[in-house]
$ cat work.csv   # CSV, C-alpha atoms
chain,number,residue,atom,x,y,z
A,1,MET,CA,108.7,112.2,93.2
A,2,THR,CA,107.3,113.4,89.9
A,3,LEU,CA,109.0,116.4,88.4
A,4,THR,CA,107.0,118.9,86.3
A,5,ARG,CA,108.0,121.9,84.3
A,6,HIS,CA,107.0,124.1,87.3
A,7,GLY,CA,108.6,122.1,90.0
A,8,ARG,CA,107.8,119.0,92.1
A,9,ALA,CA,104.4,117.4,92.3
A,10,PRO,CA,102.6,117.7,95.6
A,11,ALA,CA,103.5,115.3,98.3
A,12,GLY,CA,101.4,112.1,98.1
A,13,TYR,CA,100.3,112.7,94.5
A,14,ASP,CA,100.3,109.4,92.6
A,15,PRO,CA,100.1,109.9,88.8
A,16,SER,CA,99.6,106.1,88.3
A,17,ALA,CA,96.2,106.4,90.0
A,18,PHE,CA,94.9,108.0,86.8
A,19,PRO,CA,94.5,106.6,83.3
A,20,SER,CA,97.5,107.5,81.1
A,21,PHE,CA,97.2,109.0,77.7
A,22,ALA,CA,99.4,110.7,75.1
A,23,VAL,CA,99.0,114.1,73.4
A,24,THR,CA,99.7,114.7,69.8
A,25,VAL,CA,99.4,117.7,67.5
A,26,ASP,CA,98.2,117.6,63.9
A,27,VAL,CA,98.4,120.5,61.4
A,28,VAL,CA,96.1,121.2,58.6
A,29,VAL,CA,98.1,123.2,56.0
A,30,LEU,CA,95.9,124.9,53.5
A,31,THR,CA,97.0,126.8,50.4
A,32,ILE,CA,95.7,127.6,46.9
A,33,GLU,CA,97.3,126.3,43.8
A,34,GLY,CA,95.9,126.3,40.3
A,35,GLY,CA,92.7,128.0,41.6
A,36,ARG,CA,91.9,125.1,43.9
A,37,LEU,CA,92.0,124.8,47.7
A,38,GLN,CA,94.8,122.3,48.5
A,39,VAL,CA,95.9,120.5,51.7
A,40,LEU,CA,99.4,119.2,52.5
A,41,LEU,CA,99.3,115.5,53.4
A,42,VAL,CA,102.1,113.0,54.3
A,43,GLN,CA,102.0,109.3,53.5
A,44,ARG,CA,102.7,107.3,56.6
A,45,GLY,CA,105.8,105.1,56.5
A,46,LEU,CA,105.0,103.3,59.7
A,47,GLU,CA,102.1,101.5,61.3
A,48,PRO,CA,99.4,102.1,62.2
A,49,PHE,CA,97.9,103.1,58.9
A,50,GLN,CA,101.1,102.5,57.0
A,51,GLY,CA,100.7,103.7,53.4
A,52,SER,CA,97.7,105.9,54.2
A,53,TRP,CA,97.7,109.6,53.9
A,54,ALA,CA,97.6,111.8,57.0
A,55,LEU,CA,97.9,115.3,58.3
A,56,PRO,CA,101.5,116.3,59.4
A,57,GLY,CA,101.8,115.8,63.1
A,58,GLY,CA,103.2,113.8,66.0
A,59,PHE,CA,103.6,113.4,69.7
A,60,LYS,CA,104.1,116.4,71.9
A,61,ARG,CA,107.3,116.3,73.8
A,62,PRO,CA,107.1,116.7,77.6
A,63,TYR,CA,108.7,120.2,77.9
A,64,GLU,CA,107.3,121.9,74.9
A,65,THR,CA,104.1,123.9,74.5
A,66,LEU,CA,101.4,122.8,72.1
A,67,ASP,CA,102.3,125.7,69.8
A,68,GLU,CA,106.0,124.7,69.9
A,69,ALA,CA,105.1,121.1,69.1
A,70,ALA,CA,102.9,122.2,66.1
A,71,ALA,CA,105.6,124.4,64.7
A,72,ARG,CA,108.2,121.6,65.2
A,73,GLU,CA,106.2,118.9,63.5
A,74,LEU,CA,105.4,121.3,60.6
A,75,ARG,CA,109.2,121.8,60.1
A,76,GLU,CA,110.2,118.1,60.6
A,77,GLU,CA,107.4,116.5,58.5
A,78,THR,CA,107.0,119.1,55.6
A,79,SER,CA,110.1,121.4,55.7
A,80,ILE,CA,107.8,124.4,56.1
A,81,GLN,CA,109.8,126.7,58.4
A,82,ASP,CA,107.2,129.4,59.1
A,83,ALA,CA,103.5,129.6,58.7
A,84,PRO,CA,102.1,133.2,59.1
A,85,THR,CA,98.8,131.7,60.2
A,86,LEU,CA,99.1,128.8,62.7
A,87,ARG,CA,96.3,128.6,65.2
A,88,GLN,CA,94.5,126.0,67.3
A,89,LEU,CA,91.5,124.4,65.6
A,90,GLY,CA,90.2,122.0,68.3
A,91,ALA,CA,90.9,118.9,70.3
A,92,TYR,CA,90.0,115.3,69.4
A,93,GLY,CA,90.0,112.5,71.9
A,94,ASP,CA,87.3,110.0,71.0
A,95,PRO,CA,88.1,106.5,72.3
A,96,GLY,CA,89.8,104.3,69.7
A,97,ARG,CA,90.8,107.1,67.4
A,98,ASP,CA,94.3,105.8,67.6
A,99,PRO,CA,94.8,102.0,67.8
A,100,ARG,CA,98.1,102.3,69.7
A,101,MET,CA,96.8,103.8,72.9
A,102,ASN,CA,94.5,106.5,74.3
A,103,VAL,CA,95.6,109.6,72.3
A,104,VAL,CA,94.2,113.1,72.4
A,105,THR,CA,95.3,115.3,69.5
A,106,VAL,CA,95.2,119.1,69.3
A,107,ALA,CA,94.6,120.2,65.7
A,108,TYR,CA,96.0,123.4,64.2
A,109,LEU,CA,95.1,125.3,61.1
A,110,ALA,CA,98.0,126.8,59.0
A,111,VAL,CA,97.5,128.9,55.9
A,112,VAL,CA,100.4,129.7,53.6
A,113,ARG,CA,100.7,131.5,50.3
A,114,GLU,CA,102.8,128.7,48.8
A,115,VAL,CA,104.3,125.5,50.2
A,116,GLY,CA,107.5,125.6,48.2
A,117,GLU,CA,109.5,122.4,47.8
A,118,ILE,CA,107.8,119.6,49.7
A,119,VAL,CA,110.2,117.4,51.6
A,120,ALA,CA,108.7,114.5,53.6
A,121,GLY,CA,110.1,113.8,57.1
A,122,SER,CA,112.2,110.7,58.0
A,123,ASP,CA,109.2,108.7,59.2
A,124,ALA,CA,107.0,109.6,56.2
A,125,ALA,CA,107.0,107.7,52.9
A,126,GLY,CA,106.0,110.8,51.0
A,127,ALA,CA,104.3,114.2,51.0
A,128,ALA,CA,102.1,116.0,48.5
A,129,LEU,CA,99.6,118.7,48.0
A,130,VAL,CA,96.2,117.2,47.5
A,131,SER,CA,92.9,118.9,46.4
A,132,VAL,CA,90.7,119.3,49.5
A,133,ALA,CA,87.7,118.1,47.5
A,134,GLU,CA,89.6,114.9,46.6
A,135,ALA,CA,90.8,114.4,50.2
A,136,LEU,CA,87.2,114.7,51.6
A,137,ASP,CA,85.2,112.8,49.0
A,138,GLY,CA,86.8,109.4,49.9
A,139,ALA,CA,89.2,109.2,47.0
A,140,LEU,CA,92.1,108.9,49.5
A,141,GLU,CA,92.3,106.8,52.6
A,142,LEU,CA,93.0,109.2,55.5
A,143,ALA,CA,94.5,107.8,58.7
A,144,PHE,CA,93.0,108.1,62.1
A,145,ASP,CA,90.1,110.6,62.2
A,146,HIS,CA,92.0,113.0,59.9
A,147,GLY,CA,89.0,113.2,57.5
A,148,ARG,CA,86.9,114.7,60.3
A,149,ILE,CA,89.7,117.1,61.3
A,150,LEU,CA,90.2,118.3,57.8
A,151,ALA,CA,86.5,118.9,57.3
A,152,ASP,CA,86.4,120.9,60.5
A,153,ALA,CA,89.5,122.9,59.4
A,154,VAL,CA,88.0,123.7,56.0
A,155,GLU,CA,84.7,125.0,57.6
A,156,ARG,CA,86.8,127.1,60.0
A,157,ALA,CA,88.6,128.6,57.1
A,158,ARG,CA,85.3,129.4,55.3
A,159,VAL,CA,83.9,131.1,58.4
A,160,ASP,CA,87.2,133.0,59.1
A,161,LEU,CA,87.3,134.2,55.5
A,162,GLU,CA,84.2,136.2,56.2
A,163,GLN,CA,84.8,137.2,59.7
A,164,THR,CA,88.6,137.8,59.8
A,165,GLY,CA,91.4,138.9,57.5
A,166,LEU,CA,92.4,135.3,56.7
A,167,ALA,CA,92.2,135.9,53.0
A,168,ILE,CA,95.4,137.9,53.2
A,169,SER,CA,97.3,134.9,54.5
A,170,PHE,CA,96.7,133.1,51.2
A,171,VAL,CA,98.3,135.9,49.1
A,172,GLY,CA,101.7,137.6,49.1
A,173,THR,CA,102.6,141.0,50.4
A,174,THR,CA,101.4,142.3,47.1
A,175,PHE,CA,98.6,140.9,45.0
A,176,THR,CA,96.1,141.5,42.2
A,177,LEU,CA,92.4,141.7,42.8
A,178,ALA,CA,92.0,138.6,40.7
A,179,GLU,CA,94.4,136.7,43.0
A,180,LEU,CA,92.5,137.9,46.1
A,181,ARG,CA,89.1,137.0,44.5
A,182,ALA,CA,90.5,133.5,43.7
A,183,VAL,CA,91.0,132.9,47.4
A,184,TYR,CA,87.3,133.5,48.2
A,185,GLU,CA,86.2,131.4,45.2
A,186,ALA,CA,88.5,128.5,46.1
A,187,VAL,CA,87.7,128.4,49.8
A,188,TRP,CA,83.9,128.9,49.4
A,189,GLY,CA,83.5,127.0,46.2
A,190,VAL,CA,81.7,129.8,44.4
A,191,THR,CA,82.2,132.2,41.5
A,192,LEU,CA,82.1,135.9,42.4
A,193,ASP,CA,81.4,138.8,40.1
A,194,PRO,CA,84.7,140.6,39.5
A,195,ALA,CA,83.0,144.1,39.3
A,196,ASN,CA,81.1,143.6,42.6
A,197,PHE,CA,84.2,142.2,44.2
A,198,ARG,CA,86.2,145.3,43.3
A,199,ARG,CA,83.4,147.6,44.4
A,200,ALA,CA,83.3,145.9,47.8
A,201,LEU,CA,87.0,146.5,48.3
A,202,ILE,CA,87.2,150.1,47.2
A,203,ALA,CA,84.0,151.2,48.8
A,204,GLU,CA,85.8,152.2,51.9
A,205,ASP,CA,89.4,153.2,52.6
A,206,GLY,CA,91.5,150.7,54.5
A,207,TRP,CA,91.0,147.4,52.7
A,208,ILE,CA,93.5,147.7,49.8
A,209,VAL,CA,96.3,150.1,49.1
A,210,PRO,CA,97.6,150.6,45.5
A,211,THR,CA,101.3,150.1,45.2
A,212,GLY,CA,101.8,151.9,41.9
A,213,LYS,CA,103.2,148.8,40.4
A,214,ARG,CA,101.8,146.1,38.1
A,215,ALA,CA,102.1,142.4,37.9
A,216,GLN,CA,104.2,140.6,35.3
A,217,PRO,CA,102.4,140.3,31.9
A,218,GLY,CA,100.5,137.1,31.5
A,219,PRO,CA,101.0,134.6,28.6
A,220,ALA,CA,98.0,136.1,26.8
A,221,GLY,CA,99.5,139.6,26.8
A,222,GLY,CA,97.4,142.6,27.5
A,223,LYS,CA,97.8,145.3,30.2
A,224,PRO,CA,99.2,143.8,33.4
A,225,ALA,CA,97.0,144.0,36.4
A,226,GLU,CA,97.6,146.5,39.2
A,227,LEU,CA,99.2,145.3,42.4
A,228,TYR,CA,97.8,146.2,45.8
A,229,LYS,CA,98.8,145.6,49.4
A,230,ALA,CA,96.6,145.0,52.4
A,231,GLY,CA,95.3,147.9,54.4
A,232,ARG,CA,94.7,148.1,58.1
A,233,SER,CA,91.1,147.1,58.0
A,234,TRP,CA,91.9,143.5,57.5
A,235,ALA,CA,92.8,143.3,61.2
A,236,TYR,CA,89.1,143.7,62.0
A,237,GLY,CA,87.3,141.5,59.4
A,238,SER,CA,86.6,141.2,55.7
A,239,PRO,CA,84.6,143.3,53.2
A,240,ILE,CA,83.3,140.2,51.4
A,241,ARG,CA,80.3,138.2,52.6
A,242,ARG,CA,79.8,134.5,52.1
A,243,PRO,CA,77.0,133.8,49.6
A,244,ARG,CA,74.0,132.0,51.1
A,245,ARG,CA,74.3,129.1,48.7
A,246,ALA,CA,77.9,128.5,49.9
A,247,ARG,CA,76.8,128.5,53.6
A,248,GLU,CA,74.0,126.0,52.8
A,249,LYS,CA,76.4,123.8,50.9
A,250,GLY,CA,78.9,123.8,53.7
A,251,ALA,CA,76.2,123.0,56.3
A,252,ARG,CA,75.2,119.8,54.5

$ encode --input "work.csv" --output "structure tokens"
Amino acid sequence: MTLTRHGRAPAGYDPSAFPSFAVTVDVVVLTIEGGRLQVLLVQRGLEPFQGSWALPGGFKRPYETLDEAAARELREETSIQDAPTLRQLGAYGDPGRDPRMNVVTVAYLAVVREVGEIVAGSDAAGAALVSVAEALDGALELAFDHGRILADAVERARVDLEQTGLAISFVGTTFTLAELRAVYEAVWGVTLDPANFRRALIAEDGWIVPTGKRAQPGPAGGKPAELYKAGRSWAYGSPIRRPRRAREKGAR
């Protein structure tokens, strides 16, 4: 008799009568470094695709949820202990996507302010932050269908940046307006007017709250920028709209 997490299978049920397949999770970790949108990739140490770059991920264990599997793989393969934004992106199960067997993967999108020290897991040959543009333009050989998954994740981030408060996940608990503007510019691949950006944020209460503090002085000197924290309105959307040219570029 087959045991499940919720008890025994019904009498007469034969699992072998159905095609077997495995379930994996893959996590797209996005961050911004040096003003560029970056993705965390691991270099596979084992076949298949040994030596190729891939998204962090692995097989779901029998008694863990998909969310638990995604969080575990993130810890084990990259040393990231907690991602404030970790949400399901989609499922991918095309035949032949994995040469080992029939594998369906559930992809997740994670957004972090900074990755910190990158430590590859035991089955990875390495791990690194890579420019999303570099990863998608064919400069790197990505394993499995991870190029497709990454492209879908980036487009989801672009949409969510306009429709949700995702921008706040890219910055710390306090931030300057320039840091926040850099998020939109990096994800959308545009240049935004600083004055218009500021007006959009302060037009209504609830988007940003002054902390009364200032950032550390930059190397060029001058008056340090004012620090803000997120207001309550971010729970309902974003005050910044995606430029049409950025939408058209992303659709191609």

$ closest_residue --input "work.csv" --among "A:Thr173, A:Leu192, A:Gly237, A:Arg244" --to "Thr211 of chain A" --atoms "all atoms listed in the file"
A:Thr173

$ closest_residue --input "work.csv" --among "A:Ala178, A:Leu74, A:Leu161, A:Val187" --to "Ile118 of chain A" --atoms "all atoms listed in the file"
A:Leu74

$ closest_residue --input "work.csv" --among "A:Leu89, A:Leu227, A:Leu40, A:Ala203" --to "Pro239 of chain A" --atoms "all atoms listed in the file"
A:Ala203

$ atom_distance --input "work.csv" --atom1 "atom CA of Arg36 of chain A" --atom2 "atom CA of Ala195 of chain A"
21.5 Å

$ closest_residue --input "work.csv" --among "A:Ile168, A:Val29, A:Leu41, A:Ala22" --to "Tyr108 of chain A" --atoms "only C-alpha atoms"
A:Val29

$ closest_residue --input "work.csv" --among "A:Val183, A:Val190, A:Ile202, A:Ala143" --to "Pro243 of chain A" --atoms "only C-alpha atoms"
A:Val190

$ atom_distance --input "work.csv" --atom1 "atom CA of Leu140 of chain A" --atom2 "atom CA of Ala54 of chain A"
9.7 Å

$ closest_residue --input "work.csv" --among "A:Ala139, A:Leu177, A:Ala83, A:Val39" --to "Pro224 of chain A" --atoms "all atoms listed in the file"
A:Leu177

$ atom_distance --input "work.csv" --atom1 "atom CA of Gly116 of chain A" --atom2 "atom CA of Asp67 of chain A"
22.2 Å

$ residues_around --input "work.csv" --residues "Gln88 of chain A" --least-positions-apart "2" --cutoff "7 Å" --atoms "all atoms listed in the file" --output "mmCIF file with C-alpha atoms, in the coordinates of the input"
data_model
loop_
_atom_site.group_PDB
_atom_site.id
_atom_site.type_symbol
_atom_site.label_atom_id
_atom_site.label_comp_id
_atom_site.auth_asym_id
_atom_site.auth_seq_id
_atom_site.Cartn_x
_atom_site.Cartn_y
_atom_site.Cartn_z
ATOM 1 C CA GLY A 90 90.200 122.000 68.300
ATOM 2 C CA ALA A 107 94.600 120.200 65.700
ATOM 3 C CA TYR A 108 96.000 123.400 64.200
ATOM 4 C CA LEU A 109 95.100 125.300 61.100
#

$ residues_near_point --input "work.csv" --point "(90.4, 115.6, 71.3)" --cutoff "12 Å" --atoms "all atoms listed in the file" --output "list of chain:residue names"
A:Phe21, A:Ala22, A:Val23, A:Thr24, A:Val25, A:Asp26, A:Gln88, A:Leu89, A:Gly90, A:Ala91, A:Tyr92, A:Gly93, A:Asp94, A:Pro95, A:Gly96, A:Arg97, A:Asp98, A:Asn102, A:Val103, A:Val104, A:Thr105, A:Val106, A:Ala107, A:Tyr108, A:Asp145, A:His146, A:Arg148, A:Ile149

$ residues_near_point --input "work.csv" --point "(105.6, 121.6, 67.4)" --cutoff "10 Å" --atoms "only C-alpha atoms" --output "VMD selection string"
chain A and resid 24 to 27 57 to 61 64 to 76
